[in-house]
Every structure is written in structure tokens, then in C-alpha cells.
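Novice: Just protein37.tsv, nothing more (TSV, C-alpha atoms):
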```tsv
chain	number	residue	atom	x	y	z
D	12	MET	CA	-39.03	113.10	118.21
D	13	GLU	CA	-37.18	111.23	120.87
D	14	LYS	CA	-38.34	107.66	121.37
D	15	ARG	CA	-39.38	107.14	124.95
D	16	SER	CA	-38.67	103.92	126.74
D	17	ASN	CA	-41.30	101.80	128.47
D	18	GLU	CA	-38.68	100.69	130.97
D	19	PRO	CA	-39.77	102.96	133.90
D	20	LEU	CA	-43.37	101.70	133.63
D	21	SER	CA	-42.46	98.01	133.36
D	22	TRP	CA	-39.96	98.42	136.18
D	23	ALA	CA	-42.55	100.12	138.44
D	24	LEU	CA	-45.09	97.35	137.73
D	25	PHE	CA	-42.35	94.78	138.41
D	26	GLY	CA	-41.59	96.33	141.80
D	27	ALA	CA	-45.22	96.79	142.82
D	28	GLY	CA	-46.06	93.24	141.70
D	29	GLY	CA	-43.11	91.88	143.64
D	30	ILE	CA	-44.30	93.58	146.83
D	31	VAL	CA	-47.93	92.44	146.40
D	32	ALA	CA	-46.85	88.85	145.64
D	33	ALA	CA	-44.45	88.78	148.60
D	34	LEU	CA	-46.92	90.20	151.11
D	35	LEU	CA	-50.12	88.44	150.03
D	36	LEU	CA	-49.59	85.35	147.87
D	37	PRO	CA	-48.02	83.12	150.58
D	38	ILE	CA	-51.09	83.33	152.85
D	39	HIS	CA	-53.42	82.70	149.88
D	40	ILE	CA	-51.44	79.61	148.85
D	41	LEU	CA	-51.27	78.43	152.46
D	42	LEU	CA	-55.03	78.78	153.04
D	43	PHE	CA	-56.69	77.99	149.70
D	44	GLY	CA	-53.96	75.81	148.20
D	45	LEU	CA	-52.99	73.71	151.23
D	46	ALA	CA	-54.88	74.16	154.52
D	47	PHE	CA	-58.44	73.97	153.13
D	48	PRO	CA	-57.91	71.16	150.57
D	49	LEU	CA	-56.03	69.09	153.19
D	50	GLY	CA	-58.75	69.72	155.78
D	51	LEU	CA	-56.26	71.27	158.23
D	52	LEU	CA	-58.63	74.21	158.65
D	53	GLY	CA	-62.37	74.29	158.08
D	54	SER	CA	-62.96	76.17	154.85
D	55	PRO	CA	-65.56	78.95	154.81
D	56	SER	CA	-68.82	78.12	153.06
D	57	TYR	CA	-69.73	79.33	149.59
D	58	GLN	CA	-72.19	81.90	150.95
D	59	GLU	CA	-69.65	83.27	153.42
D	60	LEU	CA	-66.94	83.64	150.76
D	61	LEU	CA	-69.41	85.18	148.33
D	62	ALA	CA	-70.46	87.75	150.95
D	63	LEU	CA	-66.76	88.58	151.47
D	64	VAL	CA	-66.02	88.92	147.73
D	65	ARG	CA	-69.13	91.04	147.16
D	66	HIS	CA	-67.60	93.82	149.24
D	67	PRO	CA	-66.11	96.51	146.94
D	68	LEU	CA	-62.85	96.62	148.91
D	69	THR	CA	-62.41	92.85	148.52
D	70	ARG	CA	-62.95	93.21	144.77
D	71	ILE	CA	-60.32	95.94	144.52
D	72	TYR	CA	-57.99	93.84	146.68
D	73	LEU	CA	-58.46	90.74	144.48
D	74	PHE	CA	-57.98	92.81	141.32
D	75	ILE	CA	-54.62	94.06	142.62
D	76	LEU	CA	-53.68	90.58	143.86
D	77	CYS	CA	-54.28	89.10	140.40
D	78	SER	CA	-52.99	91.91	138.19
D	79	LEU	CA	-49.72	93.23	139.63
D	80	PRO	CA	-47.99	89.85	140.24
D	81	LEU	CA	-48.68	89.00	136.57
D	82	PHE	CA	-46.72	92.10	135.50
D	83	HIS	CA	-43.96	91.11	137.93
D	84	TRP	CA	-43.95	87.67	136.27
D	85	ALA	CA	-43.92	89.15	132.74
D	86	HIS	CA	-40.93	91.39	133.51
D	87	ARG	CA	-38.93	88.82	135.43
D	88	PHE	CA	-39.66	85.79	133.27
D	89	ARG	CA	-38.86	87.75	130.14
D	90	TYR	CA	-35.27	88.17	131.34
D	91	THR	CA	-35.13	84.67	132.83
D	92	ILE	CA	-35.89	83.25	129.40
D	93	SER	CA	-33.93	85.62	127.16
D	94	ASP	CA	-30.79	85.84	129.36
D	95	GLY	CA	-31.09	82.59	131.25
D	96	LEU	CA	-31.68	80.40	128.26
D	97	GLN	CA	-29.65	82.64	125.89
D	98	VAL	CA	-32.44	83.38	123.42
D	99	LYS	CA	-32.00	87.18	123.25
D	100	HIS	CA	-32.88	87.11	119.55
D	101	LEU	CA	-36.44	86.08	120.55
D	102	SER	CA	-36.93	88.93	123.03
D	103	GLY	CA	-39.40	90.75	120.72
D	104	PRO	CA	-42.04	87.98	120.58
D	105	ILE	CA	-41.33	87.08	124.25
D	106	VAL	CA	-42.19	90.63	125.38
D	107	VAL	CA	-45.40	90.64	123.31
D	108	ILE	CA	-46.53	87.22	124.60
D	109	PHE	CA	-45.64	87.77	128.28
D	110	TYR	CA	-47.03	91.29	128.62
D	111	GLY	CA	-50.01	90.24	126.51
D	112	ALA	CA	-50.69	87.45	129.01
D	113	ALA	CA	-50.39	89.88	131.94
D	114	ILE	CA	-52.81	92.33	130.28
D	115	TYR	CA	-55.19	89.48	129.45
D	116	GLY	CA	-55.12	88.30	133.10
D	117	THR	CA	-55.78	91.85	134.29
D	118	VAL	CA	-58.78	92.31	131.98
D	119	LEU	CA	-60.08	88.86	132.95
D	120	ALA	CA	-59.78	89.68	136.67
D	121	ALA	CA	-61.72	92.92	136.18
D	122	TYR	CA	-64.40	91.13	134.14
D	123	LEU	CA	-64.80	88.26	136.63
D	124	LEU	CA	-64.89	90.54	139.66
D	125	TRP	CA	-67.37	92.83	137.96
D	126	HIS	CA	-69.69	89.89	137.22
D	127	ILE	CA	-69.80	88.44	140.75
D	128	PRO	CA	-73.56	88.31	141.45
N	12	MET	CA	-4.26	102.60	103.48
N	13	SER	CA	-6.84	99.87	103.22
N	14	ALA	CA	-10.53	100.69	103.53
N	15	GLY	CA	-11.06	98.94	106.84
N	16	SER	CA	-8.07	100.22	108.76
N	17	GLY	CA	-10.04	102.86	110.70
N	18	ARG	CA	-12.36	100.31	112.21
N	19	LEU	CA	-11.73	98.84	115.61
N	20	PRO	CA	-11.53	95.07	115.71
N	21	ARG	CA	-14.81	93.51	116.71
N	22	PRO	CA	-14.49	92.00	120.20
N	23	TYR	CA	-14.87	88.26	120.37
N	24	LEU	CA	-17.85	87.47	122.60
N	25	ARG	CA	-18.23	83.85	123.47
N	26	ARG	CA	-21.89	83.01	123.75
N	27	PRO	CA	-22.54	81.23	127.05
N	28	SER	CA	-24.29	77.90	127.02
N	29	ALA	CA	-28.03	77.86	127.75
N	30	TRP	CA	-27.18	75.98	130.95
N	31	TRP	CA	-24.57	78.44	132.32
N	32	TRP	CA	-26.59	78.88	135.55
N	33	LEU	CA	-26.05	75.23	136.55
N	34	GLY	CA	-22.32	75.86	136.94
N	35	ARG	CA	-22.33	77.63	140.28
N	36	TRP	CA	-24.51	77.59	143.36
N	37	THR	CA	-24.99	81.38	143.32
N	38	TYR	CA	-26.03	81.28	139.65
N	39	LEU	CA	-28.45	78.45	140.41
N	40	THR	CA	-30.07	80.27	143.34
N	41	PHE	CA	-30.35	83.34	141.09
N	42	MET	CA	-32.26	81.30	138.51
N	43	LEU	CA	-34.40	79.58	141.16
N	44	ARG	CA	-35.32	82.98	142.62
N	45	ASP	CA	-36.22	84.28	139.18
N	46	PHE	CA	-38.20	81.13	138.48
N	47	SER	CA	-40.37	81.86	141.53
N	48	CYS	CA	-42.40	84.21	139.33
N	49	VAL	CA	-43.79	81.19	137.44
N	50	PHE	CA	-45.31	79.82	140.66
N	51	MET	CA	-46.68	83.29	141.39
N	52	ALA	CA	-48.39	83.39	138.00
N	53	TYR	CA	-49.67	79.84	138.54
N	54	PHE	CA	-51.40	80.78	141.79
N	55	VAL	CA	-52.85	83.94	140.24
N	56	VAL	CA	-54.46	81.63	137.66
N	57	VAL	CA	-55.81	79.45	140.51
N	58	THR	CA	-57.22	82.60	142.16
N	59	LEU	CA	-58.83	83.72	138.87
N	60	LEU	CA	-60.46	80.27	138.55
N	61	GLN	CA	-61.62	80.58	142.16
N	62	ILE	CA	-63.24	83.98	141.47
N	63	ARG	CA	-64.88	82.57	138.33
N	64	ALA	CA	-66.23	79.59	140.31
N	65	LEU	CA	-67.54	81.94	143.02
N	66	GLY	CA	-69.38	83.93	140.36
N	67	ASN	CA	-70.83	80.78	138.77
N	68	GLY	CA	-72.64	79.54	141.86
N	69	PRO	CA	-72.34	76.97	144.68
N	70	GLU	CA	-72.01	73.89	142.41
N	71	ALA	CA	-69.20	75.50	140.42
N	72	TYR	CA	-67.42	76.44	143.64
N	73	ALA	CA	-67.79	72.92	145.07
N	74	ALA	CA	-66.26	71.57	141.84
N	75	PHE	CA	-63.38	74.06	142.16
N	76	GLU	CA	-62.74	72.92	145.75
N	77	ALA	CA	-62.84	69.26	144.68
N	78	HIS	CA	-60.23	69.98	141.96
N	79	LEU	CA	-57.92	71.53	144.53
N	80	ARG	CA	-58.01	68.32	146.61
N	81	ASN	CA	-56.11	66.56	143.81
N	82	PRO	CA	-52.84	65.34	145.43
N	83	LEU	CA	-50.80	66.53	142.44
N	84	LEU	CA	-52.13	70.07	142.87
N	85	ILE	CA	-51.43	69.92	146.62
N	86	VAL	CA	-47.80	69.01	145.86
N	87	LEU	CA	-47.64	71.80	143.25
N	88	ASN	CA	-49.11	74.27	145.78
N	89	ALA	CA	-46.57	73.21	148.43
N	90	ILE	CA	-43.72	73.79	145.93
N	91	SER	CA	-45.30	77.12	144.93
N	92	LEU	CA	-45.45	78.20	148.57
N	93	LEU	CA	-41.72	77.46	149.00
N	94	PHE	CA	-40.84	79.43	145.86
N	95	VAL	CA	-43.06	82.40	146.68
N	96	VAL	CA	-41.71	82.54	150.24
N	97	TYR	CA	-38.19	82.43	148.75
N	98	HIS	CA	-39.18	85.34	146.53
N	99	ALA	CA	-40.61	87.23	149.53
N	100	VAL	CA	-37.47	86.76	151.65
N	101	THR	CA	-35.09	87.77	148.84
N	102	PHE	CA	-37.34	90.72	147.91
N	103	PHE	CA	-37.58	92.00	151.49
N	104	ASN	CA	-33.86	91.56	152.09
N	105	ALA	CA	-33.00	93.33	148.83
N	106	ALA	CA	-34.73	96.45	150.17
N	107	SER	CA	-31.79	97.20	152.46
N	108	THR	CA	-29.37	96.95	149.54
N	109	ALA	CA	-31.55	99.12	147.32
N	110	THR	CA	-32.37	101.70	149.97
N	111	VAL	CA	-29.50	103.31	151.82
N	112	VAL	CA	-30.79	105.42	154.68
N	113	ARG	CA	-28.41	107.68	156.56
N	114	VAL	CA	-29.14	109.20	159.92
N	115	GLY	CA	-26.63	111.73	161.23
N	116	GLY	CA	-24.12	110.69	158.55
N	117	LYS	CA	-24.27	107.04	159.56
N	118	ARG	CA	-25.85	104.32	157.48
N	119	VAL	CA	-28.88	102.76	159.15
N	120	PRO	CA	-28.19	99.02	159.63
N	121	ASP	CA	-29.90	96.64	157.16
N	122	PHE	CA	-31.90	95.11	159.97
N	123	TYR	CA	-33.93	98.29	160.50
N	124	ILE	CA	-34.77	98.47	156.79
N	125	THR	CA	-35.79	94.84	156.37
N	126	LEU	CA	-37.61	94.42	159.70
N	127	PRO	CA	-40.62	96.62	158.74
N	128	ASN	CA	-41.05	94.46	155.61
N	129	TYR	CA	-41.34	91.33	157.73
N	130	ILE	CA	-43.75	93.07	160.11
N	131	ALA	CA	-45.89	94.16	157.14
N	132	TRP	CA	-45.78	90.58	155.79
N	133	ALA	CA	-46.94	89.13	159.10
N	134	ALA	CA	-49.65	91.79	159.51
N	135	ALA	CA	-51.01	91.33	155.96
N	136	SER	CA	-51.08	87.54	156.40
N	137	VAL	CA	-52.90	87.80	159.73
N	138	VAL	CA	-55.50	90.22	158.31
N	139	VAL	CA	-56.19	88.02	155.24
N	140	ALA	CA	-56.39	84.85	157.37
N	141	TRP	CA	-58.65	86.57	159.89
N	142	LEU	CA	-61.04	87.84	157.18
N	143	VAL	CA	-61.22	84.47	155.44
N	144	LEU	CA	-61.50	82.30	158.57
N	145	ARG	CA	-63.98	84.60	160.28
N	146	ALA	CA	-66.20	84.59	157.15
```
Using the file provided, produce a representation of the structure as C-alpha cells.

Specialist:
Amino acid sequence: MEKRSNEPLSWALFGAGGIVAALLLPIHILLFGLAFPLGLLGSPSYQELLALVRHPLTRIYLFILCSLPLFHWAHRFRYTISDGLQVKHLSGPIVVIFYGAAIYGTVLAAYLLWHIP
Amino acid sequence: MSAGSGRLPRPYLRRPSAWWWLGRWTYLTFMLRDFSCVFMAYFVVVTLLQIRALGNGPEAYAAFEAHLRNPLLIVLNAISLLFVVYHAVTFFNAASTATVVRVGGKRVPDFYITLPNYIAWAAASVVVAWLVLRA
């Protein structure tokens, strides 16, 4: 039987993750990572954020926001390390560790979002 | 005839140094762009911790917010924002190289391919900011 490559799947996840990260991560970093901690904008209260995250669409949104960029990272960083730092001989363990981390993050996101009270 | 005469000589491939990308500006920007994914993954972890804190109650969320006021994390977040914006710009601009659209036999200029990406970026940012700030 012909061995089928995982390349189309990892490439599709890489592309989708790149789009999600490009469109959505900058505003998240700007708001939650800079504007709120620095007090440039008044941060929403716990109850207000909880009400927002309780909405099913917000949960789906946050799941996508967390999962796909991790697969983008796994695909891109895998080549950054193995080609960039010339350690092609380690590409086997690198693939397992990086994609394992992306899958772990995805499962964790689903678990955490499911368990929001 | 000797046993090995049918074989082609093995090409000599010089292995580049691990620091080859420091040699040229274009190589360096290539590596910096690729390195942006690390900052992406970092902020996904921050977001996962934020969701966990939200699920654990008001005290846990207050502790999460206090952690994010650490000046070192603010510097790291500022650097992450620069890298992720760099990723976004290179990703949106690459779309016109990857997608060649022809209308009436003529190639549509890059500007018309990349512009919708920037409009989508602005719209998505406004919607997220509006939802969070209105909350």
C-alpha cells in the first residue's frame, strides 16, 4: 500500500493558523497584554468577561484562537529549528514534540472552555 | 572493470553553519519572521492561563491580572506584538504572491489582493475590541 503523507494536513493547519494568528492575536496582545495591564484602558470586570466567555460562540472562537496558531507554530518552528539551526537529523523527535505540544494545547483549550462555570 | 565504476560520484555538500542566517539581511529577516511563531505560541499560553483563571473564579482572575502587570511581561508582550504584527504583514502580503488572479487575461495588481486582508484585519480587531470593551 502506498504510504500517504501528512503534509497536506499539516500545511492546511499551518495556513489556517497563520490567518487566525494574523487577524486576531495582535488585538488580543494589545488589549490583554498591554492596554489593560498598563491601565491605558479600563479592563472589563470578572463578571463581564465571564458572561462573554460563557457564550457558546465565544467558546468556539477561543478554541480556534488557541488551537490553530499552535499548529502554525509547530509547522513553522519545526523547520526553523531543523533547517535554521542545521539539526535535520533531529527532525523525528522535533516533529513528535512540537505537534504533541500543539495537540496538548488544543485538548487543554477544549477542556478549559468546557469547564467554564 | 572495477566494482564501483557504474556509480556516480557522490556530490560534495558543504553543511552550512548553524548561524548561516546571520550573514545577510534577507536571511535574518526570514529567520525573524519565522521566529514570530514563538511569540504567537507564547500568547496562546497566556490566553489559556486567562481562560483557566476565568474558570477558577474572581480571585484566580485577579491574580492572573496582577501577574500580567509584571514589567518584564509587559516588555515581552510589547515584543510579541511587534513580532506577531510582522507575521501578519508578511502573511497578508504573501497572499498576492501565492494567489495570481487574472481578469480578462490581465493579472490583478497585488494591491487588490492584499487590501481585503488588511480590511479583514481591521474589522476583526474592531469587533474583538468592541466586544471586550463593551462587556

Novice: What's around range 112-116 of chain D at 12 Å? Count all atoms listed in the file, leave out sequence neighbours fewer than 4 positions away in its own chain, and write the answer as number ranges by chain.

Specialist: D: 21, 24-25, 28, 74-86, 88-89, 105-108, 120-124; N: 52-53, 55-60

Novice: Show me which bits of chain D are within 8 Å of chain N, counting only C-alpha atoms, as a count of residues only.

Specialist: 43

Novice: In Å, with one decimal, what is the gap from CA of Thr117 in chain D to CA of Trp22 in chain D?

Specialist: 17.2 Å
